[in-house]
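Okay, query.tsv is below, TSV, C-alpha atoms:
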chain	number	residue	atom	x	y	z
A	507	MET	CA	131.99	95.06	77.45
A	508	SER	CA	128.48	95.62	78.71
A	509	GLU	CA	127.65	97.79	81.70
A	510	GLN	CA	127.53	95.92	85.00
A	511	TRP	CA	124.66	96.31	87.43
A	512	ARG	CA	124.31	94.69	90.83
A	513	LEU	CA	122.05	91.68	91.38
A	514	LEU	CA	120.73	91.07	94.89
A	515	LEU	CA	119.06	87.82	95.91
A	516	THR	CA	117.87	88.59	99.40
A	517	GLY	CA	115.49	85.64	99.89
A	518	GLY	CA	112.47	85.86	102.19
A	519	ASN	CA	112.07	88.69	104.68
A	520	THR	CA	109.29	90.45	106.55
A	521	ALA	CA	107.27	93.11	104.77
A	522	PHE	CA	108.96	95.80	106.87
A	523	VAL	CA	112.48	94.63	105.99
A	524	ASN	CA	111.61	94.21	102.31
A	525	MET	CA	110.30	97.75	101.97
A	526	ALA	CA	113.21	99.09	104.04
A	527	VAL	CA	115.76	97.36	101.79
A	528	ASP	CA	114.23	98.91	98.66
A	529	LYS	CA	114.37	102.38	100.24
A	530	ALA	CA	117.93	101.82	101.51
A	531	ILE	CA	119.11	100.92	98.00
A	532	LEU	CA	117.30	104.00	96.65
A	533	VAL	CA	119.11	106.28	99.11
A	534	ALA	CA	122.51	104.61	98.61
A	535	HIS	CA	122.21	104.77	94.82
A	536	SER	CA	121.08	108.40	94.89
A	537	GLU	CA	124.31	109.20	96.74
A	538	GLY	CA	126.36	107.37	94.11
A	539	LYS	CA	127.48	104.69	96.57
A	540	VAL	CA	126.11	101.63	94.78
A	541	PRO	CA	125.55	100.72	91.12
A	542	PRO	CA	122.12	100.34	89.49
A	543	THR	CA	120.58	97.38	91.29
A	544	VAL	CA	118.06	94.66	90.51
A	545	ARG	CA	116.78	92.64	93.46
A	546	PHE	CA	114.64	89.48	93.62
A	547	TYR	CA	112.92	88.65	96.89
A	548	SER	CA	109.99	87.07	98.68
A	549	TRP	CA	107.86	87.69	101.77
A	550	VAL	CA	108.06	85.66	105.00
A	551	PRO	CA	105.52	85.65	106.49
A	552	PRO	CA	103.09	86.43	103.65
A	553	ALA	CA	102.04	90.08	103.64
A	554	ILE	CA	99.73	92.65	102.16
A	555	SER	CA	101.28	95.85	100.90
A	556	ILE	CA	99.10	98.86	100.22
A	557	GLY	CA	99.82	101.79	97.93
A	558	TYR	CA	101.12	105.06	99.37
A	559	PHE	CA	97.73	106.78	98.94
A	560	GLN	CA	95.48	104.02	100.21
A	561	SER	CA	93.71	104.03	103.54
A	562	LEU	CA	94.96	101.09	105.62
A	563	LEU	CA	91.72	100.64	107.54
A	564	GLU	CA	89.59	100.92	104.39
A	565	GLU	CA	91.63	98.33	102.50
A	566	ILE	CA	92.80	95.73	105.02
A	567	ASP	CA	91.00	93.51	107.55
A	568	ILE	CA	93.60	93.81	110.27
A	569	GLU	CA	92.01	91.19	112.53
A	570	ALA	CA	92.00	88.66	109.69
A	571	CYS	CA	95.67	89.43	108.98
A	572	LYS	CA	96.55	88.84	112.63
A	573	LYS	CA	94.60	85.59	112.71
A	574	LEU	CA	96.35	84.24	109.60
A	575	GLY	CA	99.78	85.59	110.55
A	576	VAL	CA	99.91	87.98	107.58
A	577	ASP	CA	101.94	91.21	107.86
A	578	TYR	CA	100.77	94.49	106.36
A	579	VAL	CA	102.79	97.48	105.24
A	580	ARG	CA	102.38	100.79	103.40
A	581	ARG	CA	104.67	101.16	100.37
A	582	ILE	CA	106.44	104.34	99.30
A	583	THR	CA	104.98	103.72	95.83
A	584	GLY	CA	101.41	104.35	94.72
A	585	GLY	CA	99.08	101.71	93.31
A	586	GLY	CA	96.81	99.18	94.94
A	587	ALA	CA	96.81	96.54	97.66
A	588	VAL	CA	98.80	93.38	96.87
A	589	PHE	CA	98.78	90.04	98.69
A	590	HIS	CA	102.37	88.77	98.60
A	591	GLU	CA	102.49	85.04	99.04
A	592	LYS	CA	103.26	82.83	96.06
A	593	GLU	CA	105.22	85.24	93.90
A	594	LEU	CA	108.59	86.56	92.89
A	595	THR	CA	109.02	90.20	93.79
A	596	TYR	CA	111.62	92.33	92.03
A	597	SER	CA	112.89	95.83	92.49
A	598	ILE	CA	115.09	97.98	90.29
A	599	VAL	CA	116.87	101.11	91.46
A	600	ILE	CA	118.53	103.35	88.88
A	601	ALA	CA	119.25	107.04	88.36
A	602	GLU	CA	116.53	109.04	86.56
A	603	SER	CA	119.30	110.40	84.33
A	604	HIS	CA	120.50	106.96	83.22
A	605	PRO	CA	120.29	106.85	79.41
A	606	LEU	CA	118.50	103.49	79.49
A	607	ILE	CA	115.61	104.85	81.56
A	608	PRO	CA	113.02	106.96	79.70
A	609	LYS	CA	112.37	110.35	81.28
A	610	ASN	CA	108.63	109.90	80.69
A	611	ILE	CA	107.24	107.93	83.64
A	612	LEU	CA	104.80	105.76	81.66
A	613	ASN	CA	107.50	104.97	79.10
A	614	SER	CA	109.83	103.92	81.91
A	615	TYR	CA	107.15	101.58	83.30
A	616	GLU	CA	106.95	99.98	79.88
A	617	ARG	CA	110.73	99.70	79.50
A	618	ILE	CA	111.14	97.96	82.86
A	619	CYS	CA	108.11	95.76	82.24
A	620	ASN	CA	109.72	94.72	78.94
A	621	ALA	CA	112.56	93.17	80.97
A	622	LEU	CA	109.99	91.09	82.86
A	623	ILE	CA	108.24	90.16	79.59
A	624	ARG	CA	111.57	88.90	78.23
A	625	GLY	CA	112.01	86.93	81.46
A	626	LEU	CA	108.57	85.37	81.06
A	627	GLN	CA	109.52	84.44	77.48
A	628	GLN	CA	112.40	82.40	78.91
A	629	LEU	CA	109.74	80.36	80.70
A	630	GLY	CA	107.64	80.00	77.56
A	631	ILE	CA	105.07	82.58	78.59
A	632	HIS	CA	104.00	85.31	76.17
A	633	GLY	CA	103.20	88.42	78.20
A	634	THR	CA	102.37	91.93	77.03
A	635	TYR	CA	102.50	95.30	78.75
A	636	ALA	CA	99.09	96.63	79.75
A	637	PRO	CA	99.25	100.30	80.75
A	638	ILE	CA	99.34	101.69	83.35
A	639	ASN	CA	101.29	99.18	85.38
A	640	ASP	CA	100.42	95.57	84.52
A	641	ILE	CA	101.71	92.69	82.43
A	642	VAL	CA	99.04	90.39	81.06
A	643	VAL	CA	98.96	86.95	79.48
A	644	ASP	CA	95.94	86.32	77.24
A	645	GLY	CA	94.34	89.39	78.79
A	646	LYS	CA	94.86	88.21	82.37
A	647	LYS	CA	97.16	89.97	84.81
A	648	ILE	CA	100.33	88.09	85.79
A	649	SER	CA	102.37	91.03	87.07
A	650	GLY	CA	101.66	94.33	88.81
A	651	ASN	CA	104.22	97.11	89.15
A	652	ALA	CA	104.66	100.40	90.99
A	653	GLN	CA	107.23	103.15	90.60
A	654	THR	CA	108.40	106.13	92.61
A	655	ARG	CA	110.98	108.76	91.79
A	656	LYS	CA	112.85	110.36	94.66
A	657	MET	CA	116.24	112.05	94.96
A	658	ASN	CA	116.61	111.88	91.15
A	659	THR	CA	116.36	108.10	91.39
A	660	VAL	CA	113.82	105.61	90.06
A	661	LEU	CA	112.59	102.75	92.24
A	662	GLN	CA	110.21	100.33	90.57
A	663	HIS	CA	109.07	97.18	92.28
A	664	GLY	CA	106.53	94.59	91.31
A	665	THR	CA	105.47	90.99	91.30
A	666	ILE	CA	105.40	87.96	89.07
A	667	LEU	CA	102.58	85.74	90.30
A	668	LEU	CA	103.68	82.13	90.72
A	669	ASP	CA	100.27	81.03	91.99
A	670	VAL	CA	97.12	82.77	93.17
A	671	ASP	CA	94.94	82.15	96.20
A	672	VAL	CA	92.07	84.54	95.59
A	673	GLU	CA	89.94	83.29	98.50
A	674	THR	CA	92.69	83.93	101.06
A	675	MET	CA	93.45	87.30	99.47
A	676	PHE	CA	89.83	88.42	99.83
A	677	SER	CA	89.63	87.15	103.39
A	678	LEU	CA	92.33	89.73	104.18
A	679	LEU	CA	90.93	92.67	102.24
A	680	LYS	CA	87.96	94.79	103.25
A	681	VAL	CA	84.96	94.26	100.98
A	682	PRO	CA	81.53	95.86	101.39
A	683	ASN	CA	79.61	92.61	102.01
A	684	GLU	CA	79.59	88.84	101.36
A	685	LYS	CA	77.55	89.10	98.15
A	686	ILE	CA	79.95	91.61	96.62
A	687	LYS	CA	82.87	89.58	97.96
A	688	ASP	CA	81.70	86.49	96.01
A	689	LYS	CA	81.36	88.57	92.85
A	690	MET	CA	84.81	90.10	93.37
A	691	ILE	CA	86.37	86.65	93.85
A	692	THR	CA	84.77	85.40	90.62
A	693	ASP	CA	85.83	88.58	88.84
A	694	VAL	CA	89.46	88.42	89.99
A	695	LYS	CA	89.69	84.71	89.11
A	696	GLN	CA	88.71	85.69	85.57
A	697	ARG	CA	91.14	88.59	85.38
A	698	VAL	CA	94.26	87.21	87.10
A	699	THR	CA	96.58	84.37	86.15
A	700	SER	CA	99.90	82.95	87.32
A	701	VAL	CA	102.98	81.12	86.06
A	702	HIS	CA	101.57	77.88	87.49
A	703	HIS	CA	98.22	78.39	85.78
A	704	VAL	CA	99.71	79.26	82.39
A	705	LEU	CA	102.29	76.48	82.32
A	706	GLY	CA	100.24	73.88	84.18
A	707	THR	CA	103.23	73.05	86.33
A	708	HIS	CA	104.96	74.49	89.37
A	709	VAL	CA	108.09	76.50	88.66
A	710	GLY	CA	110.41	77.28	91.56
A	711	PHE	CA	111.45	80.76	92.69
A	712	ASP	CA	115.09	80.19	91.64
A	713	GLN	CA	114.12	79.22	88.10
A	714	ILE	CA	111.91	82.29	87.74
A	715	ALA	CA	114.64	84.51	89.20
A	716	ALA	CA	117.15	83.11	86.67
A	717	ALA	CA	114.71	83.82	83.84
A	718	MET	CA	114.07	87.36	85.07
A	719	LYS	CA	117.82	87.99	85.42
A	720	GLN	CA	118.21	87.08	81.76
A	721	GLY	CA	115.23	89.27	80.88
A	722	PHE	CA	116.83	92.34	82.50
A	723	GLU	CA	120.19	91.59	80.87
A	724	GLU	CA	118.65	91.28	77.40
A	725	GLU	CA	116.37	94.30	77.67
A	726	PHE	CA	119.03	96.67	78.98
A	727	HIS	CA	122.11	95.04	77.35
A	728	ILE	CA	123.82	94.86	80.73
A	729	THR	CA	125.35	92.18	82.92
A	730	LEU	CA	123.89	91.53	86.36
A	731	VAL	CA	126.64	90.66	88.82
A	732	LYS	CA	125.63	88.99	92.05
A	733	GLY	CA	126.41	91.17	95.04
A	734	SER	CA	125.25	91.96	98.54
A	735	LEU	CA	123.99	94.92	100.52
A	736	THR	CA	126.73	97.25	101.74
A	737	SER	CA	127.13	97.81	105.48
A	738	GLU	CA	125.66	101.28	104.99
A	739	GLU	CA	122.61	99.84	103.19
A	740	LYS	CA	122.17	97.35	106.03
A	741	LYS	CA	122.30	100.19	108.53
A	742	LEU	CA	119.78	102.21	106.51
A	743	THR	CA	117.56	99.12	106.26
A	744	ARG	CA	117.43	98.78	110.06
A	745	LYS	CA	116.70	102.48	110.39
A	746	PHE	CA	113.87	102.51	107.82
A	747	GLU	CA	112.42	99.26	109.16
A	748	LYS	CA	112.22	100.66	112.67
A	749	GLU	CA	111.37	104.31	112.01
A	750	CYS	CA	109.12	103.89	109.00
A	751	PHE	CA	107.78	100.60	107.72
A	752	SER	CA	107.03	98.85	111.02
A	753	ALA	CA	105.81	102.07	112.65
A	754	PHE	CA	102.12	102.61	113.38
A	755	GLY	CA	102.36	106.25	112.29
A	756	TRP	CA	103.56	105.33	108.79
A	757	ASN	CA	101.18	102.43	108.16
A	758	HIS	CA	98.14	104.27	109.51
A	759	ARG	CA	98.94	107.67	108.01
A	760	ARG	CA	95.93	107.34	105.67
B	472	MET	CA	79.28	116.78	108.28
B	473	ARG	CA	81.55	114.13	106.78
B	474	TYR	CA	80.85	112.86	103.26
B	475	HIS	CA	82.46	110.15	101.15
B	476	SER	CA	82.67	109.32	97.48
B	477	ILE	CA	84.22	106.57	95.39
B	478	TYR	CA	84.94	107.48	91.79
B	479	LYS	CA	86.52	105.35	89.07
B	480	VAL	CA	88.44	107.68	86.78
B	481	PRO	CA	87.65	106.80	83.13
B	482	GLN	CA	90.56	104.63	81.85
B	483	GLY	CA	92.21	105.25	85.22
B	484	LYS	CA	92.30	104.29	88.86
B	485	LEU	CA	89.95	104.46	91.82
B	486	LEU	CA	89.67	107.66	93.84
B	487	LYS	CA	88.16	107.69	97.32
B	488	ILE	CA	87.36	111.04	98.90
B	489	SER	CA	86.49	111.71	102.50
B	490	LEU	CA	85.42	115.29	103.08
B	491	VAL	CA	84.21	117.42	105.97
B	492	TYR	CA	81.84	120.07	104.65
B	493	ASP	CA	80.96	123.28	106.42
B	494	SER	CA	77.39	124.11	105.41
B	495	PRO	CA	77.16	127.72	106.68
B	496	THR	CA	80.19	128.84	104.68
B	497	ARG	CA	79.78	126.31	101.80
B	498	THR	CA	83.45	125.44	102.20
B	499	ILE	CA	85.56	122.32	102.61
B	500	HIS	CA	86.77	122.01	106.17
B	501	GLN	CA	89.00	119.00	105.51
B	502	VAL	CA	89.56	116.59	102.62
B	503	ARG	CA	91.36	113.26	102.41
B	504	ILE	CA	92.27	111.85	98.97
B	505	THR	CA	92.96	108.11	98.90
B	506	GLY	CA	93.06	105.43	96.21
B	507	ASP	CA	95.25	103.22	94.05
B	508	PHE	CA	96.52	105.99	91.74
B	509	PHE	CA	100.07	107.31	91.27
B	510	ALA	CA	101.35	110.85	91.83
B	511	TYR	CA	104.85	112.27	91.50
B	512	PRO	CA	106.04	113.43	93.94
B	513	GLU	CA	103.77	111.45	96.26
B	514	GLU	CA	103.95	114.02	99.06
B	515	ALA	CA	102.33	116.64	96.82
B	516	VAL	CA	98.90	115.06	97.34
B	517	GLU	CA	99.09	116.19	100.96
B	518	LEU	CA	99.74	119.72	99.68
B	519	ILE	CA	96.60	119.49	97.53
B	520	GLU	CA	94.62	118.39	100.61
B	521	GLN	CA	95.96	121.37	102.54
B	522	ALA	CA	95.26	123.78	99.68
B	523	LEU	CA	91.64	122.65	99.55
B	524	GLU	CA	90.99	123.41	103.21
B	525	HIS	CA	88.52	126.31	103.37
B	526	ALA	CA	88.05	126.19	99.58
B	527	ILE	CA	84.54	127.01	98.33
B	528	PHE	CA	82.72	123.83	97.31
B	529	GLU	CA	82.19	124.82	93.70
B	530	ARG	CA	83.64	123.40	90.48
B	531	GLY	CA	85.34	126.56	89.19
B	532	HIS	CA	86.90	127.33	92.52
B	533	LEU	CA	88.17	123.77	93.03
B	534	LYS	CA	89.53	123.68	89.47
B	535	THR	CA	91.55	126.87	89.97
B	536	LYS	CA	92.96	125.68	93.30
B	537	ILE	CA	93.88	122.20	92.04
B	538	GLU	CA	95.35	123.36	88.73
B	539	THR	CA	97.41	126.04	90.46
B	540	ILE	CA	99.00	123.63	92.90
B	541	ILE	CA	99.63	121.02	90.20
B	542	ARG	CA	101.42	123.70	88.15
B	543	THR	CA	103.43	125.24	91.00
B	544	GLN	CA	104.44	121.89	92.53
B	545	LYS	CA	105.02	120.27	89.10
B	546	ILE	CA	102.84	117.31	90.08
B	547	GLN	CA	102.44	114.45	87.61
B	548	PHE	CA	99.41	112.20	88.04
B	549	ILE	CA	99.08	108.74	86.56
B	550	GLY	CA	95.72	107.00	86.68
B	551	VAL	CA	93.95	110.19	87.69
B	552	ASP	CA	93.70	113.70	86.25
B	553	PRO	CA	92.60	117.08	87.64
B	554	GLU	CA	89.10	116.66	86.16
B	555	GLY	CA	88.73	113.23	87.81
B	556	LEU	CA	89.87	114.64	91.12
B	557	ILE	CA	87.40	117.55	90.89
B	558	GLN	CA	84.57	115.17	89.96
B	559	ALA	CA	85.37	112.82	92.86
B	560	ILE	CA	85.30	115.75	95.28
B	561	LEU	CA	82.05	117.13	93.83
B	562	ASN	CA	80.48	113.67	94.16
B	563	CYS	CA	80.69	114.19	97.93
B	564	LYS	CA	78.12	116.97	97.61
B	565	PRO	CA	75.40	116.42	100.18
Full structure transcribed into structure tokens:
Amino acid sequence: MSEQWRLLLTGGNTAFVNMAVDKAILVAHSEGKVPPTVRFYSWVPPAISIGYFQSLLEEIDIEACKKLGVDYVRRITGGGAVFHEKELTYSIVIAESHPLIPKNILNSYERICNALIRGLQQLGIHGTYAPINDIVVDGKKISGNAQTRKMNTVLQHGTILLDVDVETMFSLLKVPNEKIKDKMITDVKQRVTSVHHVLGTHVGFDQIAAAMKQGFEEEFHITLVKGSLTSEEKKLTRKFEKECFSAFGWNHRR
Amino acid sequence: MRYHSIYKVPQGKLLKISLVYDSPTRTIHQVRITGDFFAYPEEAVELIEQALEHAIFERGHLKTKIETIIRTQKIQFIGVDPEGLIQAILNCKP
């Protein structure tokens, strides 16, 4: 019988709750209280997340975010700014010592991305891993990923783009000037794709989540069993949401 | 005086440096390392920033400081390397 991991379908939440849930699972798993966990989720309202090392004020146009009702949050993972709107976001939390997770960080990115690539295959999309942290289809990015390792535990989260709105994205990000902005929009349109663009049809969140579930099960030879957050994880989520991810001090620390 | 640089690490990520330089002593008063790179553990980058305070603004000196802290703190960088970090800092040179 294959190993059982937990599957969480937590639906749409604010940026602050989403990041708090990922950290809560990380802490709970590091203490041996919950099994390895894969979560699929979305962002309501839409949000921009920035990497741990990015400067909030250098990356995000806060006034534009407020005007469009877009949240912003600093992640505990490195990497770049991401506009979370039409996408499926996943996270995986698993012990560093788990035999299925390579010790080498880049190799572990690839292993986890392979689960997503298998999921994309279920949808008829042929993706390939593009180091450091992307999955591409015909050379265009369809998925970005970021990993941290804390308390001997791996947390990797990332996105599968369902559709892309480059104009809105760039209206929320700081760019040097309008001329460069136009060039950046053209450039990103050439370098980024989405499930909708590749297949020429809209695919719903649930269908993509089902495909990704199968991708994880095939890649890791495990069974994902639908579960829910424990009461302790819910408590930790509220704590991290309040004390960290919605706090000015955290989001403006760089 | 505060200086800035933006440096794309070859085959890597973008590094942005903001640095306060003290001309009389030729030292770094304060440095802030930002960008879309990865470092493990993440908090170690703040230790690098602290270690570079009052460091002499010179390649050899910066290299020794950065390599020492990377070794002692067992820092792993992805998308950036010590040489890229040194170059980004030196690019702030007035």
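For the set A:Tyr596, A:Trp511, A:Phe722, A:Phe559, the residue with the smallest atom-to-atom gap to chain B is A:Phe559, counting all atoms listed in the file.
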Check: Which residue gives the smallest distance to Glu725 in chain A among A:Gly625, A:Lys609, A:Lys592, A:Ala553, with all atoms listed in the file counted?
Finding: A:Gly625
Notebook entry, point to check: Contacts of range 508-521 of chain B at 6 Å or less, counting only C-alpha atoms, minus same-chain residues fewer than 6 places along, as a list in words?
Noted result: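 Final neighbour list, sorted by chain and number: Gly584 and Gly585 of chain A; Lys484, Val502, Ile546, Gln547, Phe548, Ile549 and Gly550 of chain B.
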Next item on the list: Take CA of Thr665 in chain A and CA of Lys646 in chain A and report the distance between them in Å, one decimal.
Entry: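 Going from CA of Thr665 in chain A over to CA of Lys646 in chain A covers 14.1 Å.
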Next item on the list: Between A:Ser555, A:Asn610, A:Thr543, A:Asn757, single out the one closest to Leu678 in chain A, counting all atoms listed in the file.
Entry: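 Closest to Leu678 in chain A of all the choices is A:Ser555.
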Please export range 636-721 of chain A as a PDB file, in the first residue's frame, restricted to C-alpha atoms.
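Saved as selection-v6.pdb:
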ATOM      1  CA  ALA A 636      13.598  25.226 -16.412  1.00  0.00           C
ATOM      2  CA  PRO A 637      16.116  25.791 -13.615  1.00  0.00           C
ATOM      3  CA  ILE A 638      16.142  27.531 -11.233  1.00  0.00           C
ATOM      4  CA  ASN A 639      12.469  27.560 -10.381  1.00  0.00           C
ATOM      5  CA  ASP A 640      10.229  27.588 -13.458  1.00  0.00           C
ATOM      6  CA  ILE A 641       8.223  25.222 -15.622  1.00  0.00           C
ATOM      7  CA  VAL A 642       7.987  26.190 -19.269  1.00  0.00           C
ATOM      8  CA  VAL A 643       5.850  25.157 -22.228  1.00  0.00           C
ATOM      9  CA  ASP A 644       7.484  25.771 -25.617  1.00  0.00           C
ATOM     10  CA  GLY A 645       9.998  27.986 -23.848  1.00  0.00           C
ATOM     11  CA  LYS A 646       7.342  30.110 -22.131  1.00  0.00           C
ATOM     12  CA  LYS A 647       6.847  30.148 -18.369  1.00  0.00           C
ATOM     13  CA  ILE A 648       3.629  28.562 -17.087  1.00  0.00           C
ATOM     14  CA  SER A 649       4.677  27.980 -13.479  1.00  0.00           C
ATOM     15  CA  GLY A 650       6.947  29.696 -10.950  1.00  0.00           C
ATOM     16  CA  ASN A 651       8.040  28.084  -7.701  1.00  0.00           C
ATOM     17  CA  ALA A 652       9.793  29.035  -4.469  1.00  0.00           C
ATOM     18  CA  GLN A 653      11.162  26.911  -1.650  1.00  0.00           C
ATOM     19  CA  THR A 654      12.299  27.457   1.908  1.00  0.00           C
ATOM     20  CA  ARG A 655      13.738  25.027   4.409  1.00  0.00           C
ATOM     21  CA  LYS A 656      13.112  25.682   8.077  1.00  0.00           C
ATOM     22  CA  MET A 657      13.005  23.454  11.156  1.00  0.00           C
ATOM     23  CA  ASN A 658      14.285  20.531   9.027  1.00  0.00           C
ATOM     24  CA  THR A 659      11.198  20.890   6.847  1.00  0.00           C
ATOM     25  CA  VAL A 660      10.742  21.791   3.187  1.00  0.00           C
ATOM     26  CA  LEU A 661       8.001  24.201   2.119  1.00  0.00           C
ATOM     27  CA  GLN A 662       7.674  24.758  -1.604  1.00  0.00           C
ATOM     28  CA  HIS A 663       4.854  26.775  -3.060  1.00  0.00           C
ATOM     29  CA  GLY A 664       4.160  27.936  -6.573  1.00  0.00           C
ATOM     30  CA  THR A 665       1.651  28.700  -9.254  1.00  0.00           C
ATOM     31  CA  ILE A 666       0.125  27.206 -12.351  1.00  0.00           C
ATOM     32  CA  LEU A 667      -1.052  30.093 -14.512  1.00  0.00           C
ATOM     33  CA  LEU A 668      -4.621  29.609 -15.722  1.00  0.00           C
ATOM     34  CA  ASP A 669      -4.671  32.940 -17.540  1.00  0.00           C
ATOM     35  CA  VAL A 670      -2.460  36.019 -17.638  1.00  0.00           C
ATOM     36  CA  ASP A 671      -3.344  39.695 -17.446  1.00  0.00           C
ATOM     37  CA  VAL A 672       0.020  41.326 -18.059  1.00  0.00           C
ATOM     38  CA  GLU A 673      -1.350  44.883 -18.279  1.00  0.00           C
ATOM     39  CA  THR A 674      -2.992  44.684 -14.841  1.00  0.00           C
ATOM     40  CA  MET A 675       0.109  43.030 -13.401  1.00  0.00           C
ATOM     41  CA  PHE A 676       2.343  45.874 -14.595  1.00  0.00           C
ATOM     42  CA  SER A 677      -0.083  48.504 -13.349  1.00  0.00           C
ATOM     43  CA  LEU A 678       0.604  47.103  -9.867  1.00  0.00           C
ATOM     44  CA  LEU A 679       4.378  46.747 -10.107  1.00  0.00           C
ATOM     45  CA  LYS A 680       6.884  49.575  -9.969  1.00  0.00           C
ATOM     46  CA  VAL A 681       8.595  50.153 -13.309  1.00  0.00           C
ATOM     47  CA  PRO A 682      11.114  52.899 -14.094  1.00  0.00           C
ATOM     48  CA  ASN A 683       8.984  54.720 -16.697  1.00  0.00           C
ATOM     49  CA  GLU A 684       6.184  54.289 -19.269  1.00  0.00           C
ATOM     50  CA  LYS A 685       8.536  53.520 -22.161  1.00  0.00           C
ATOM     51  CA  ILE A 686      10.258  50.726 -20.250  1.00  0.00           C
ATOM     52  CA  LYS A 687       6.863  49.563 -18.975  1.00  0.00           C
ATOM     53  CA  ASP A 688       5.620  49.052 -22.565  1.00  0.00           C
ATOM     54  CA  LYS A 689       8.751  47.096 -23.415  1.00  0.00           C
ATOM     55  CA  MET A 690       8.401  44.978 -20.274  1.00  0.00           C
ATOM     56  CA  ILE A 691       4.759  44.202 -21.093  1.00  0.00           C
ATOM     57  CA  THR A 692       5.716  43.107 -24.627  1.00  0.00           C
ATOM     58  CA  ASP A 693       8.618  41.093 -23.232  1.00  0.00           C
ATOM     59  CA  VAL A 694       6.542  39.289 -20.587  1.00  0.00           C
ATOM     60  CA  LYS A 695       3.791  38.521 -23.117  1.00  0.00           C
ATOM     61  CA  GLN A 696       6.449  36.756 -25.186  1.00  0.00           C
ATOM     62  CA  ARG A 697       7.912  34.875 -22.252  1.00  0.00           C
ATOM     63  CA  VAL A 698       4.820  33.833 -20.262  1.00  0.00           C
ATOM     64  CA  THR A 699       1.957  31.518 -21.150  1.00  0.00           C
ATOM     65  CA  SER A 700      -1.027  29.946 -19.394  1.00  0.00           C
ATOM     66  CA  VAL A 701      -3.241  26.866 -19.446  1.00  0.00           C
ATOM     67  CA  HIS A 702      -5.912  28.887 -21.274  1.00  0.00           C
ATOM     68  CA  HIS A 703      -3.444  30.100 -23.878  1.00  0.00           C
ATOM     69  CA  VAL A 704      -1.926  26.663 -24.527  1.00  0.00           C
ATOM     70  CA  LEU A 705      -5.212  24.776 -24.713  1.00  0.00           C
ATOM     71  CA  GLY A 706      -7.279  27.546 -26.281  1.00  0.00           C
ATOM     72  CA  THR A 707     -10.044  26.905 -23.792  1.00  0.00           C
ATOM     73  CA  HIS A 708     -10.826  27.772 -20.197  1.00  0.00           C
ATOM     74  CA  VAL A 709     -10.150  25.017 -17.677  1.00  0.00           C
ATOM     75  CA  GLY A 710     -11.643  25.370 -14.208  1.00  0.00           C
ATOM     76  CA  PHE A 711      -9.688  25.399 -10.944  1.00  0.00           C
ATOM     77  CA  ASP A 712     -11.190  22.063  -9.831  1.00  0.00           C
ATOM     78  CA  GLN A 713     -10.127  20.292 -13.018  1.00  0.00           C
ATOM     79  CA  ILE A 714      -6.579  21.617 -12.714  1.00  0.00           C
ATOM     80  CA  ALA A 715      -6.470  20.669  -9.024  1.00  0.00           C
ATOM     81  CA  ALA A 716      -7.586  17.113  -9.897  1.00  0.00           C
ATOM     82  CA  ALA A 717      -4.853  16.892 -12.539  1.00  0.00           C
ATOM     83  CA  MET A 718      -2.207  18.196 -10.138  1.00  0.00           C
ATOM     84  CA  LYS A 719      -3.346  15.745  -7.438  1.00  0.00           C
ATOM     85  CA  GLN A 720      -2.739  12.920  -9.897  1.00  0.00           C
ATOM     86  CA  GLY A 721       0.611  14.448 -10.836  1.00  0.00           C
TER      87      GLY A 721
END
